[in-house]
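Structure record follows, encoded as structure tokens.
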Amino acid sequence: MGFNEFKELWSVLHAWKQHFLTIDRDHSGTVDLQEMQQAIGSMGYRLSPQTMNSMINRYSTQGKITFDDYVACCVKLRTLTELFRRRDQAQQGMATFAYDDVGLGCASDSRTLFPAP
């Protein structure tokens with residue numbers, strides 16, 4: 001990772017940390033399902049209740065999400081959203097994927113999220 005990529009990553013992580021602190025109203029260091037739903041919605045994502053529940057089950061421990069898991073969730077949402085947007089060229093909320101594209105989206109890393117300029 002180059003310096004510019006690191007700067008962008010740092011900036012994004014800082015923004016996510018500030019957002020996490022804002023939604024963690026009780027200052028417990030974790031967010032619950034309701035707080036997470038608000039966080040995801042305020043980031044502009046519109047997820048179905050089923051998707052939200054799956055995400056909470058994947059990233060939570062006893063219904064609570066730590067900051068590290070919040071970041072992992074945000075990274076996954078950002079990755080999948082970028083992958084979808086590249087395929088939804090008509091911006092109609094529909095896209096076609098090859099199997100390899102799905103695998104690459106799920107296995108992506110910071111180089112995919114923060115490409116060099």
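Following the order of the structure tokens, first chain is A, next is B, and so on, with residues numbered from 1 inside each chain and ligands from 1 in the order they appear.
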* To do: Would you mind writing down, as a list of chain:residue names, each residue of chain A that DSSP on the backbone assigns to strand (DSSP E or B)?
  => A:Thr30, A:Val31, A:Thr61, A:Lys64, A:Ile65, A:Thr66
Show me, as a tab-separated table, the residues of stretch 49-100 of chain A having an atom within 8 Å of stretch 33-43 of chain A, each with the closest atom pair and its distance in Å, using only C-alpha atoms.
```
residue	atom	partner	partner_atom	distance
A:Met52	CA	A:Gln37	CA	7.3
A:Ile56	CA	A:Leu33	CA	6.8
A:Gly63	CA	A:Leu33	CA	6.7
A:Lys64	CA	A:Leu33	CA	7.2
```
Generate a file of the selected residues that holds N, CA and C atoms, formatted as a PDB file, in the first residue's frame.
```pdb
ATOM      1  N   MET A  52     -30.378  -7.126   6.714  1.00  0.00           N
ATOM      2  CA  MET A  52     -29.890  -6.509   7.948  1.00  0.00           C
ATOM      3  C   MET A  52     -29.708  -7.558   9.040  1.00  0.00           C
ATOM      4  N   ILE A  56     -26.232  -8.543  10.887  1.00  0.00           N
ATOM      5  CA  ILE A  56     -26.087  -8.481  12.344  1.00  0.00           C
ATOM      6  C   ILE A  56     -25.623  -9.833  12.876  1.00  0.00           C
ATOM      7  N   GLY A  63     -25.647  -9.982  19.808  1.00  0.00           N
ATOM      8  CA  GLY A  63     -26.455  -8.856  19.366  1.00  0.00           C
ATOM      9  C   GLY A  63     -25.766  -7.505  19.419  1.00  0.00           C
ATOM     10  N   LYS A  64     -24.483  -7.481  19.716  1.00  0.00           N
ATOM     11  CA  LYS A  64     -23.715  -6.233  19.803  1.00  0.00           C
ATOM     12  C   LYS A  64     -22.578  -6.274  18.783  1.00  0.00           C
TER      13      LYS A  64
END
```
* To do: Would you mind listing what lies within 10 Å of stretch 9-19 of chain A as a list in words, with only C-alpha atoms counted and same-chain residues fewer than 5 positions away left out?
  => Met1, Phe3, Asn4, Asp24, Ala39, Ser42, Met43, Phe67, Asp68, Tyr70, Val71, Cys74, Val75, Ser110, Leu113 and Phe114 of chain A
Compile the contact shell of A:Thr81 as a CSV table (one decimal) with C-alpha atoms, in the first residue's frame: residues with an atom at most 12 Å away, counting only C-alpha atoms, same-chain residues fewer than 2 positions apart removed.
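Writing done, so here's out-v2.csv:
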```
chain,number,residue,atom,x,y,z
A,43,MET,CA,-24.8,6.0,5.1
A,44,GLY,CA,-27.3,5.7,2.3
A,45,TYR,CA,-27.8,2.0,2.2
A,46,ARG,CA,-31.3,0.6,2.0
A,47,LEU,CA,-31.2,-3.0,3.2
A,74,CYS,CA,-18.7,-1.3,6.3
A,75,VAL,CA,-15.8,-2.7,4.2
A,76,LYS,CA,-18.1,-5.5,3.0
A,77,LEU,CA,-21.0,-3.1,2.2
A,78,ARG,CA,-18.7,-0.7,0.4
A,79,THR,CA,-17.1,-3.6,-1.6
A,83,LEU,CA,-19.1,-4.2,-7.4
A,84,PHE,CA,-22.9,-3.8,-8.0
A,85,ARG,CA,-22.6,-0.2,-9.3
A,86,ARG,CA,-20.0,-1.2,-11.8
A,87,ARG,CA,-22.4,-3.8,-13.2
A,88,ASP,CA,-25.6,-1.7,-12.9
A,93,GLY,CA,-31.0,-1.5,-9.4
A,94,MET,CA,-30.3,-4.6,-11.5
A,95,ALA,CA,-27.1,-6.2,-12.5
A,102,VAL,CA,-19.1,-12.6,-7.1
A,105,GLY,CA,-16.2,-9.2,-4.7
A,106,CYS,CA,-16.3,-11.3,-1.6
A,113,LEU,CA,-11.5,-0.5,-2.2
```
* Asked: How many Å lie between atom CA of A:Ile65 and atom CA of A:Asp32, rounded to one decimal?
  -> 6.4 Å
* Using DSSP on the backbone, list every residue of chain A that comes out as alpha helix (DSSP H), and give them as an MDAnalysis selection string. => chainID A and resid 3:23 33:42 49:59 67:87 99:106 110:113
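We find atom CA of A:Cys73 and atom CA of A:Ser60 to be spaced 9.9 Å apart.
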* Separation of atom CA of A:Pro49 and atom CA of A:Ala90, in Å? ->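 Between atom CA of A:Pro49 and atom CA of A:Ala90 the gap is 25.8 Å.
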